[in-house]
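Q: Below is the file final09.txt, which contains compact mmCIF, C-alpha atoms and all ligand atoms.
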# COMPACT_ATOMS: atom_id res chain seq x y z
CA MET A 1 -8.84 -50.43 19.18
CA HIS A 2 -5.29 -50.57 20.42
CA PHE A 3 -4.00 -50.51 16.85
CA SER A 4 -5.96 -47.46 15.74
CA LEU A 5 -4.93 -45.53 18.84
CA HIS A 6 -1.32 -46.29 18.01
CA LYS A 7 -1.84 -45.04 14.47
CA LEU A 8 -3.37 -41.85 15.80
CA THR A 9 -0.35 -41.24 18.04
CA LEU A 10 1.96 -41.74 15.06
CA ALA A 11 -0.05 -39.31 12.99
CA ILE A 12 0.15 -36.67 15.73
CA THR A 13 3.88 -37.21 16.17
CA GLY A 14 4.34 -36.83 12.43
CA ALA A 15 2.42 -33.59 12.40
CA THR A 16 4.43 -32.22 15.31
CA LEU A 17 7.70 -33.16 13.63
CA PHE A 18 6.58 -31.49 10.45
CA ALA A 19 5.58 -28.34 12.31
CA THR A 20 8.91 -28.25 14.13
CA SER A 21 11.06 -28.62 11.04
CA PHE A 22 8.92 -26.09 9.23
CA ALA A 23 9.47 -23.59 12.05
CA HIS A 24 13.21 -24.23 11.90
CA ALA A 25 13.35 -23.31 8.25
CA ASN A 26 11.85 -19.90 9.02
CA THR A 27 13.72 -18.74 12.08
CA PRO A 28 17.24 -19.29 13.36
CA ASP A 29 17.98 -21.04 16.62
CA LEU A 30 16.52 -18.36 18.85
CA SER A 31 16.99 -17.93 22.59
CA ASP A 32 13.96 -18.76 24.66
CA PRO A 33 12.44 -15.77 26.42
CA PRO A 34 13.96 -15.15 29.85
CA PRO A 35 11.91 -16.52 32.75
CA ILE A 36 9.14 -14.22 33.91
CA GLU A 37 10.10 -13.06 37.38
CA GLY A 38 8.95 -10.42 39.80
CA GLU A 39 5.91 -9.83 41.92
CA VAL A 40 2.48 -10.92 40.70
CA ILE A 41 -0.24 -8.32 41.24
CA THR A 42 -3.06 -10.36 42.72
CA GLU A 43 -5.33 -7.43 43.55
CA ASP A 44 -7.99 -6.66 40.93
CA LEU A 45 -6.93 -3.26 39.59
CA GLY A 46 -9.15 -3.50 36.53
CA SER A 47 -8.87 -5.49 33.31
CA HIS A 48 -7.38 -4.12 30.10
CA ASN A 49 -6.76 -5.56 26.66
CA ILE A 50 -3.83 -3.72 25.08
CA ARG A 51 -3.70 -3.63 21.27
CA VAL A 52 -0.22 -3.33 19.77
CA GLY A 53 0.23 -2.57 16.06
CA LEU A 54 3.47 -3.53 14.30
CA GLY A 55 4.83 -2.91 10.81
CA LEU A 56 6.75 -6.17 10.63
CA ALA A 57 5.66 -9.79 10.12
CA GLU A 58 4.93 -12.58 12.63
CA THR A 59 8.34 -14.16 12.07
CA SER A 60 10.24 -10.97 13.00
CA PRO A 61 12.24 -10.62 16.24
CA LEU A 62 9.99 -7.65 17.03
CA TYR A 63 6.82 -9.73 16.89
CA ILE A 64 8.31 -12.52 19.02
CA SER A 65 9.49 -10.09 21.72
CA THR A 66 6.12 -8.32 21.71
CA GLN A 67 4.45 -11.66 22.43
CA HIS A 68 6.84 -12.00 25.36
CA PHE A 69 5.83 -8.50 26.52
CA GLY A 70 2.23 -9.73 26.54
CA ASP A 71 3.17 -12.88 28.45
CA ILE A 72 4.89 -10.83 31.16
CA LEU A 73 1.86 -8.57 31.60
CA SER A 74 -0.62 -11.38 31.68
CA GLU A 75 1.38 -13.63 34.02
CA ARG A 76 2.09 -10.86 36.48
CA THR A 77 -1.53 -9.64 36.65
CA GLU A 78 -3.21 -13.06 36.76
CA GLY A 79 -4.52 -12.40 33.25
CA ARG A 80 -6.03 -8.98 33.91
CA LEU A 81 -3.71 -7.28 31.44
CA THR A 82 -3.70 -8.96 28.04
CA VAL A 83 -2.00 -7.99 24.79
CA ASP A 84 -3.11 -8.51 21.19
CA VAL A 85 -0.46 -7.97 18.52
CA PHE A 86 -1.41 -6.88 15.00
CA PRO A 87 1.55 -7.36 12.62
CA ASN A 88 2.19 -6.54 8.92
CA SER A 89 1.11 -2.87 9.04
CA GLN A 90 -2.48 -4.14 9.08
CA LEU A 91 -3.55 -1.28 11.37
CA GLY A 92 -1.46 1.34 9.54
CA ASP A 93 2.14 2.38 8.98
CA ASP A 94 4.47 3.82 11.63
CA ALA A 95 3.29 7.42 11.12
CA GLN A 96 -0.39 6.46 11.13
CA MET A 97 -0.06 4.26 14.19
CA MET A 98 1.67 7.06 16.13
CA GLU A 99 -1.25 9.32 15.23
CA MET A 100 -3.61 6.60 16.45
CA LEU A 101 -1.78 6.60 19.79
CA GLN A 102 -2.36 10.35 20.03
CA THR A 103 -6.09 10.01 19.44
CA GLY A 104 -6.32 6.90 21.61
CA SER A 105 -7.61 4.61 18.84
CA LEU A 106 -4.60 2.32 19.32
CA ASP A 107 -2.83 1.45 22.59
CA MET A 108 0.73 0.71 21.54
CA THR A 109 3.12 0.56 18.60
CA ILE A 110 6.85 0.09 18.02
CA PRO A 111 7.93 2.36 15.13
CA SER A 112 11.38 3.17 13.81
CA THR A 113 13.00 6.29 15.21
CA SER A 114 13.10 7.82 11.71
CA PRO A 115 9.38 8.62 11.30
CA ALA A 116 9.21 9.45 15.04
CA THR A 117 11.38 12.53 14.38
CA THR A 118 8.07 14.27 13.58
CA TYR A 119 7.56 14.33 17.37
CA VAL A 120 11.13 14.52 18.67
CA GLU A 121 13.38 16.09 16.05
CA GLU A 122 16.61 15.17 17.80
CA LEU A 123 15.89 11.45 17.27
CA ALA A 124 17.27 12.18 13.81
CA VAL A 125 20.70 11.64 15.33
CA PHE A 126 20.06 7.92 14.72
CA ASP A 127 19.58 8.64 11.02
CA LEU A 128 23.17 9.80 10.62
CA PRO A 129 25.02 7.28 8.45
CA PHE A 130 27.83 5.15 9.92
CA LEU A 131 27.28 6.69 13.37
CA LEU A 132 27.18 3.40 15.30
CA PRO A 133 29.96 1.17 13.97
CA SER A 134 29.35 -1.84 16.23
CA ARG A 135 26.38 -3.41 17.94
CA GLU A 136 28.10 -2.91 21.30
CA ALA A 137 28.27 0.81 20.57
CA ALA A 138 24.65 0.85 19.40
CA ILE A 139 23.47 -0.86 22.60
CA ALA A 140 25.56 1.46 24.79
CA VAL A 141 23.98 4.44 23.03
CA MET A 142 20.43 3.06 23.31
CA GLU A 143 20.95 2.55 27.05
CA SER A 144 22.59 5.94 27.62
CA ASP A 145 21.00 8.84 29.49
CA VAL A 146 21.41 11.01 26.40
CA ALA A 147 19.27 8.66 24.34
CA LEU A 148 16.77 7.97 27.13
CA ASP A 149 16.31 11.73 27.57
CA LEU A 150 15.11 11.85 23.97
CA LEU A 151 12.31 9.45 24.92
CA ASP A 152 11.23 11.80 27.73
CA GLN A 153 10.75 14.48 25.10
CA PHE A 154 7.59 12.72 23.92
CA ASP A 155 5.94 14.30 26.98
CA GLY A 156 3.07 16.45 25.84
CA THR A 157 2.61 14.69 22.49
CA GLY A 158 0.02 12.22 23.76
CA ILE A 159 2.60 9.43 23.50
CA LYS A 160 4.63 7.73 26.23
CA ALA A 161 7.91 6.21 25.03
CA PHE A 162 9.52 3.49 27.16
CA ALA A 163 12.58 1.91 25.57
CA TYR A 164 14.61 1.32 22.42
CA HIS A 165 14.59 -1.97 20.57
CA GLU A 166 16.92 -2.97 17.76
CA ASN A 167 15.74 -2.50 14.21
CA GLY A 168 19.33 -2.98 13.13
CA TYR A 169 21.96 -2.41 10.50
CA ARG A 170 20.37 -1.39 7.24
CA GLN A 171 21.49 -3.07 4.02
CA LEU A 172 20.72 -2.15 0.44
CA THR A 173 18.78 -4.41 -1.91
CA ASN A 174 17.66 -3.84 -5.50
CA SER A 175 16.39 -5.63 -8.57
CA VAL A 176 18.73 -4.07 -11.16
CA ARG A 177 22.42 -4.71 -10.49
CA ALA A 178 25.01 -5.79 -7.94
CA VAL A 179 26.16 -2.77 -5.93
CA GLU A 180 29.67 -2.51 -4.51
CA SER A 181 30.30 1.24 -4.75
CA PRO A 182 28.42 4.54 -4.63
CA GLU A 183 28.97 4.67 -8.42
CA ASP A 184 26.90 1.50 -8.74
CA VAL A 185 24.07 3.26 -6.91
CA ALA A 186 24.32 6.41 -9.03
CA GLY A 187 24.96 4.60 -12.31
CA LEU A 188 27.49 6.12 -14.70
CA ASP A 189 26.08 5.56 -18.17
CA VAL A 190 22.81 4.27 -16.80
CA SER A 191 20.35 5.92 -14.47
CA GLY A 192 20.62 5.99 -10.67
CA LEU A 193 18.69 3.43 -8.70
CA THR A 194 15.25 4.45 -7.47
CA ILE A 195 15.46 3.65 -3.78
CA ARG A 196 12.63 3.74 -1.27
CA THR A 197 13.65 5.57 1.90
CA MET A 198 11.94 5.96 5.23
CA GLU A 199 9.88 9.12 5.60
CA ASN A 200 12.65 11.24 7.07
CA PRO A 201 14.72 14.07 5.56
CA VAL A 202 18.11 12.74 6.68
CA GLN A 203 17.41 9.41 4.99
CA LEU A 204 16.54 11.34 1.85
CA SER A 205 19.84 13.24 2.05
CA ILE A 206 21.80 9.98 2.36
CA TRP A 207 20.41 8.60 -0.88
CA GLU A 208 20.71 11.90 -2.67
CA ALA A 209 24.37 12.02 -1.66
CA LEU A 210 24.82 8.53 -3.10
CA GLY A 211 23.30 9.59 -6.41
CA ALA A 212 20.12 7.51 -6.14
CA ASN A 213 16.60 8.71 -6.86
CA PRO A 214 15.21 8.51 -3.33
CA THR A 215 11.48 7.96 -2.91
CA PRO A 216 10.13 8.24 0.65
CA MET A 217 7.35 5.72 1.27
CA ALA A 218 5.62 3.93 4.14
CA PHE A 219 7.05 0.49 4.85
CA GLY A 220 3.81 -1.36 4.16
CA GLU A 221 3.82 -0.22 0.54
CA VAL A 222 7.39 -1.25 -0.24
CA PHE A 223 6.82 -4.85 -1.36
CA SER A 224 4.19 -4.05 -3.96
CA ALA A 225 6.12 -0.96 -5.15
CA MET A 226 9.09 -3.23 -5.85
CA GLU A 227 6.90 -5.92 -7.38
CA GLN A 228 5.37 -3.39 -9.75
CA GLY A 229 8.74 -1.86 -10.57
CA VAL A 230 7.80 1.57 -9.19
CA ILE A 231 11.08 1.45 -7.25
CA ASP A 232 14.27 -0.54 -7.87
CA GLY A 233 15.22 -1.13 -4.28
CA GLN A 234 15.07 -0.38 -0.58
CA GLU A 235 17.22 -0.71 2.53
CA ASN A 236 16.45 -2.54 5.76
CA PRO A 237 18.10 -5.04 8.10
CA TRP A 238 18.53 -8.58 6.71
CA SER A 239 15.92 -9.91 9.15
CA THR A 240 13.31 -7.51 7.80
CA ILE A 241 14.28 -8.23 4.20
CA LEU A 242 13.82 -11.94 4.85
CA THR A 243 10.68 -11.86 6.99
CA SER A 244 9.02 -9.47 4.51
CA ASN A 245 9.89 -11.76 1.59
CA PHE A 246 11.68 -8.98 -0.28
CA HIS A 247 13.97 -11.60 -1.86
CA GLU A 248 11.02 -12.61 -4.03
CA VAL A 249 11.31 -9.28 -5.86
CA GLN A 250 14.95 -8.26 -5.19
CA ASP A 251 17.85 -10.15 -6.79
CA TYR A 252 20.74 -8.16 -5.30
CA GLY A 253 21.81 -7.30 -1.78
CA SER A 254 24.84 -5.37 -0.50
CA GLU A 255 26.13 -5.50 3.06
CA THR A 256 26.45 -1.73 3.44
CA ARG A 257 25.52 -1.41 7.15
CA HIS A 258 25.06 2.28 6.38
CA VAL A 259 22.64 3.13 9.22
CA TYR A 260 21.69 1.50 12.51
CA THR A 261 18.14 2.51 13.40
CA PRO A 262 16.35 1.56 16.62
CA PHE A 263 12.66 0.95 17.24
CA ILE A 264 10.85 2.67 20.12
CA ILE A 265 8.22 0.88 22.21
CA MET A 266 5.48 3.40 22.98
CA MET A 267 1.95 3.72 24.37
CA SER A 268 -0.97 6.09 23.97
CA GLU A 269 -1.09 8.49 26.91
CA ARG A 270 -4.83 7.91 27.04
CA THR A 271 -4.27 4.20 27.63
CA TRP A 272 -1.52 4.99 30.11
CA ASP A 273 -3.79 7.31 32.10
CA ARG A 274 -6.41 4.57 32.41
CA LEU A 275 -3.93 2.16 34.02
CA ASP A 276 -3.51 1.88 37.77
CA PRO A 277 -0.05 3.14 38.86
CA ALA A 278 0.95 -0.43 39.77
CA TYR A 279 0.07 -1.52 36.23
CA GLN A 280 1.93 1.49 34.78
CA GLU A 281 5.06 0.46 36.61
CA LEU A 282 4.68 -3.09 35.37
CA VAL A 283 4.19 -1.96 31.75
CA GLU A 284 7.41 0.07 31.91
CA GLU A 285 9.31 -2.84 33.39
CA ALA A 286 7.91 -5.31 30.85
CA ALA A 287 8.76 -2.92 27.99
CA ARG A 288 12.39 -2.81 29.11
CA GLU A 289 12.54 -6.60 29.48
CA ALA A 290 10.95 -7.12 26.06
CA ALA A 291 13.44 -4.65 24.57
CA ALA A 292 16.42 -6.55 25.97
CA TYR A 293 15.00 -9.82 24.61
CA GLU A 294 14.32 -8.24 21.22
CA ILE A 295 17.89 -6.97 20.92
CA GLN A 296 19.11 -10.49 21.65
CA LEU A 297 16.76 -12.03 19.05
CA ALA A 298 17.66 -9.41 16.43
CA THR A 299 21.36 -10.13 16.99
CA GLU A 300 20.76 -13.87 16.57
CA TYR A 301 18.72 -13.22 13.46
CA ASP A 302 21.06 -10.89 11.57
CA ASP A 303 23.76 -13.00 9.86
CA TRP A 304 21.44 -15.99 9.73
CA ALA A 305 18.91 -13.99 7.74
CA ARG A 306 21.61 -12.87 5.30
CA ASP A 307 22.68 -16.49 4.73
CA GLN A 308 19.05 -17.54 4.28
CA LEU A 309 18.55 -14.85 1.67
CA GLU A 310 21.61 -16.14 -0.17
CA GLU A 311 20.24 -19.67 0.00
CA ARG A 312 17.00 -18.42 -1.46
CA GLY A 313 18.78 -16.94 -4.45
CA MET A 314 19.65 -13.36 -3.54
CA GLN A 315 23.10 -12.40 -4.80
CA ILE A 316 24.75 -10.75 -1.80
CA THR A 317 27.82 -8.55 -2.13
CA ARG A 318 30.02 -8.31 0.96
CA LEU A 319 32.01 -5.09 1.13
CA ASP A 320 35.57 -4.80 2.43
CA ASP A 321 36.75 -1.90 4.60
CA ASP A 322 37.88 0.18 1.60
CA GLN A 323 34.56 -0.26 -0.13
CA ILE A 324 32.68 0.75 3.05
CA ALA A 325 35.00 3.76 3.37
CA ALA A 326 33.96 4.87 -0.13
CA PHE A 327 30.30 4.89 0.93
CA GLN A 328 31.20 6.69 4.14
CA GLU A 329 33.05 9.38 2.25
CA ALA A 330 30.20 9.83 -0.21
CA VAL A 331 27.71 10.52 2.59
CA GLN A 332 29.93 12.99 4.49
CA PRO A 333 27.81 15.92 3.19
CA VAL A 334 24.90 14.50 5.22
CA TYR A 335 26.83 15.29 8.43
CA ASP A 336 27.73 18.76 7.23
CA GLN A 337 24.10 19.44 6.39
CA TRP A 338 22.38 17.79 9.36
CA ALA A 339 24.66 17.76 12.42
CA PRO A 340 24.13 21.51 13.04
CA ARG A 341 20.37 21.10 12.80
CA ILE A 342 20.19 17.99 14.99
CA GLY A 343 22.58 19.61 17.46
CA GLU A 344 26.38 19.42 17.35
CA ASP A 345 26.45 18.75 21.10
CA LEU A 346 24.11 15.79 20.88
CA VAL A 347 26.04 14.32 17.95
CA ALA A 348 29.31 14.78 19.85
CA GLU A 349 27.90 13.16 23.01
CA ILE A 350 26.78 10.11 21.03
CA GLN A 351 30.13 9.92 19.26
CA GLN A 352 31.84 10.02 22.66
CA ILE A 353 29.80 7.03 23.89
CA VAL A 354 30.76 5.18 20.72
CA GLU A 355 34.42 5.99 21.23
CA ASP A 356 34.30 4.82 24.84
CA THR A 357 32.89 1.42 23.83
CA MET A 358 35.58 1.04 21.14
CA ASN A 359 38.33 1.70 23.71
CA ASP A 360 36.94 -0.74 26.27
C1 LIG B 401 8.23 -1.16 10.29
C2 LIG B 401 9.22 -0.07 9.91
C3 LIG B 401 10.42 -0.67 9.19
C4 LIG B 401 11.51 0.36 8.92
C5 LIG B 401 11.22 0.93 7.55
O1 LIG B 401 7.08 -0.58 10.79
O2 LIG B 401 10.27 1.70 7.42
O3 LIG B 401 11.96 0.60 6.62
O4 LIG B 401 12.78 -0.21 8.96
O5 LIG B 401 10.88 -1.75 9.81
O6 LIG B 401 9.61 0.65 11.05
Please, can you express the file's structure as structure tokens?
A:
Amino acid sequence: MHFSLHKLTLAITGATLFATSFAHANTPDLSDPPPIEGEVITEDLGSHNIRVGLGLAETSPLYISTQHFGDILSERTEGRLTVDVFPNSQLGDDAQMMEMLQTGSLDMTIPSTSPATTYVEELAVFDLPFLLPSREAAIAVMESDVALDLLDQFDGTGIKAFAYHENGYRQLTNSVRAVESPEDVAGLDVSGLTIRTMENPVQLSIWEALGANPTPMAFGEVFSAMEQGVIDGQENPWSTILTSNFHEVQDYGSETRHVYTPFIIMMSERTWDRLDPAYQELVEEAAREAAAYEIQLATEYDDWARDQLEERGMQITRLDDDQIAAFQEAVQPVYDQWAPRIGEDLVAEIQQIVEDTMND
């Protein structure tokens, strides 16, 4: 009896060890979520299960922080508010999920700013290439009144937008050749790379300027389009490239950092209207806390994910300052074309925030 119990304990320990080391292989050393603080609402103000749809996978920083969002809500309402997260675009892509928020068939989603420009055009400022040269600058911009005012502009669309998360610095991958210059994208004697872009006209302009054949497409279709050879490549942050297993179908990566796009955490106004004001306040607070945690996780993930991709066989080209400058010069027409339409004042205000962080 004693002996078999001992064996059982060993077996359990072994399984736990295995699970732990397995987890370590798939995520970097990530910060634990911050402690859940603040008042607990003990009064019964109704029970709600909030469904959140995400484009990214369970291993992504976004998924992990959304779980934390759920933990905050549930702990601070004694379990009356609960959150279910649906990853991997299983409920739809960013554009579809935003429409679902409008009709009330989904409670929350966290899309990229780029497809959200359908609702708030000025969010396209984030699509401008090489606008946010450092993460400090990006965070300062995401926390600025100018950027937060853009979230208020969702008023009247049926969507409530709470806070920015980090999607991150976008990097180019493809299955054809190593890319270290715009010429490698365009191809001199060979054809230009067919690159999937987000569904956004500024993104399209960027890849046109670089001489690629840009193909706008929803994120959920990208893996199979690359697998089938419909497109040669795509661009996303390293963490997304890794957690979406793009390295299985992409041999080459280039550290271009050409765009920093945020995510926006948002809720259906119909869901919002059903919540007691005390719950509404809590949701807003939890969204901001989850956003801060997500930015931290995404930062911890970034270089680690690049190194993991290398370990898994992706050939990654680092670019020096001159090489980056060549890309920057090639996409200058995007500013000329889009800054007037997005608003010169808005672009200038964002550039000023960037400059201030660089001088700090
Ligand atoms: C996920 C998307 C994605 C974005 C894209 O829903 O479409 O490439 O970067 O992460 O928002």
Q: With only C-alpha atoms and all ligand atoms counted, collect every polymer residue having an atom within 7 Å of ligand LIG 401 (chain B); state the result as a list in words.
A: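 Counting only what the definition allows, namely only C-alpha atoms and all ligand atoms, the set is Leu54, Gly55, Leu56, Ser89, Asp93, Asp94, Pro111, Ser112, Asn167, Met198, Ala218, Phe219, Glu235, Asn236, Thr240 and Phe263 of chain A.
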Q: Taking into account only C-alpha atoms, which residue in the set A:Ile206, A:Val40, A:Leu73, A:Met266 is nearest to Glu285 (chain A)?
A: A:Leu73
Q: As a list in words, please: the residues near region 154-157 of chain A (cut-off 9 Å, only C-alpha atoms, same-chain neighbours under 5 positions excluded).
A: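 Once the adjacent positions are removed, what remains is Gln102, Tyr119, Val120 and Glu269 of chain A.
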Q: Would you kindly return, as a list in words, each protein, DNA or RNA residue with an atom no farther than 8 Å from any atom of region 122-137 of chain A, considering all atoms listed in the file and excluding same-chain residues fewer than 5 positions away?
A: Thr113, Ser114, Ala116, Thr117, Leu150, Val202, Gln203, Ile206, Arg257, His258, Val259, Tyr260, Thr261, Pro262, Gln328, Val331, Val334, Tyr335, Ala339, Ile342, Gly343, Leu346, Val347, Gln351, Ile353, Val354, Thr357 and Met358 of chain A
Q: Excluding Thr77 (chain A) and its own-chain neighbours fewer than 6 positions away, which residues fall within 9 Å of it when counting only C-alpha atoms? Please give them as a list in words.
A: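 The filter keeps Val40, Ile41, Thr42, Glu43, Asp44, Leu45 and Tyr279 of chain A.
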Q: If you count all atoms listed in the file, which residues fall within 12 Å of region 287-296 of chain A, apart from same-chain ones fewer than 4 positions away, as a PDB file with C-alpha atoms, in the frame of the given file?
A:
ATOM      1  CA  ASP A  29      17.980 -21.040  16.620  1.00  0.00           C
ATOM      2  CA  LEU A  30      16.520 -18.360  18.850  1.00  0.00           C
ATOM      3  CA  SER A  31      16.990 -17.930  22.590  1.00  0.00           C
ATOM      4  CA  ASP A  32      13.960 -18.760  24.660  1.00  0.00           C
ATOM      5  CA  PRO A  33      12.440 -15.770  26.420  1.00  0.00           C
ATOM      6  CA  PRO A  34      13.960 -15.150  29.850  1.00  0.00           C
ATOM      7  CA  PRO A  35      11.910 -16.520  32.750  1.00  0.00           C
ATOM      8  CA  ILE A  36       9.140 -14.220  33.910  1.00  0.00           C
ATOM      9  CA  GLU A  37      10.100 -13.060  37.380  1.00  0.00           C
ATOM     10  CA  GLY A  38       8.950 -10.420  39.800  1.00  0.00           C
ATOM     11  CA  SER A  60      10.240 -10.970  13.000  1.00  0.00           C
ATOM     12  CA  PRO A  61      12.240 -10.620  16.240  1.00  0.00           C
ATOM     13  CA  LEU A  62       9.990  -7.650  17.030  1.00  0.00           C
ATOM     14  CA  TYR A  63       6.820  -9.730  16.890  1.00  0.00           C
ATOM     15  CA  ILE A  64       8.310 -12.520  19.020  1.00  0.00           C
ATOM     16  CA  SER A  65       9.490 -10.090  21.720  1.00  0.00           C
ATOM     17  CA  THR A  66       6.120  -8.320  21.710  1.00  0.00           C
ATOM     18  CA  GLN A  67       4.450 -11.660  22.430  1.00  0.00           C
ATOM     19  CA  HIS A  68       6.840 -12.000  25.360  1.00  0.00           C
ATOM     20  CA  PHE A  69       5.830  -8.500  26.520  1.00  0.00           C
ATOM     21  CA  GLY A  70       2.230  -9.730  26.540  1.00  0.00           C
ATOM     22  CA  ASP A  71       3.170 -12.880  28.450  1.00  0.00           C
ATOM     23  CA  ILE A  72       4.890 -10.830  31.160  1.00  0.00           C
ATOM     24  CA  LEU A  73       1.860  -8.570  31.600  1.00  0.00           C
ATOM     25  CA  MET A 108       0.730   0.710  21.540  1.00  0.00           C
ATOM     26  CA  THR A 109       3.120   0.560  18.600  1.00  0.00           C
ATOM     27  CA  ILE A 110       6.850   0.090  18.020  1.00  0.00           C
ATOM     28  CA  ARG A 135      26.380  -3.410  17.940  1.00  0.00           C
ATOM     29  CA  GLU A 136      28.100  -2.910  21.300  1.00  0.00           C
ATOM     30  CA  ALA A 138      24.650   0.850  19.400  1.00  0.00           C
ATOM     31  CA  ILE A 139      23.470  -0.860  22.600  1.00  0.00           C
ATOM     32  CA  MET A 142      20.430   3.060  23.310  1.00  0.00           C
ATOM     33  CA  GLU A 143      20.950   2.550  27.050  1.00  0.00           C
ATOM     34  CA  LEU A 148      16.770   7.970  27.130  1.00  0.00           C
ATOM     35  CA  LYS A 160       4.630   7.730  26.230  1.00  0.00           C
ATOM     36  CA  ALA A 161       7.910   6.210  25.030  1.00  0.00           C
ATOM     37  CA  PHE A 162       9.520   3.490  27.160  1.00  0.00           C
ATOM     38  CA  ALA A 163      12.580   1.910  25.570  1.00  0.00           C
ATOM     39  CA  TYR A 164      14.610   1.320  22.420  1.00  0.00           C
ATOM     40  CA  HIS A 165      14.590  -1.970  20.570  1.00  0.00           C
ATOM     41  CA  GLU A 166      16.920  -2.970  17.760  1.00  0.00           C
ATOM     42  CA  ASN A 167      15.740  -2.500  14.210  1.00  0.00           C
ATOM     43  CA  GLY A 168      19.330  -2.980  13.130  1.00  0.00           C
ATOM     44  CA  PRO A 262      16.350   1.560  16.620  1.00  0.00           C
ATOM     45  CA  PHE A 263      12.660   0.950  17.240  1.00  0.00           C
ATOM     46  CA  ILE A 264      10.850   2.670  20.120  1.00  0.00           C
ATOM     47  CA  ILE A 265       8.220   0.880  22.210  1.00  0.00           C
ATOM     48  CA  MET A 266       5.480   3.400  22.980  1.00  0.00           C
ATOM     49  CA  MET A 267       1.950   3.720  24.370  1.00  0.00           C
ATOM     50  CA  GLN A 280       1.930   1.490  34.780  1.00  0.00           C
ATOM     51  CA  GLU A 281       5.060   0.460  36.610  1.00  0.00           C
ATOM     52  CA  LEU A 282       4.680  -3.090  35.370  1.00  0.00           C
ATOM     53  CA  VAL A 283       4.190  -1.960  31.750  1.00  0.00           C
ATOM     54  CA  GLU A 300      20.760 -13.870  16.570  1.00  0.00           C
ATOM     55  CA  TYR A 301      18.720 -13.220  13.460  1.00  0.00           C
ATOM     56  CA  ASP A 302      21.060 -10.890  11.570  1.00  0.00           C
TER      57      ASP A 302
END
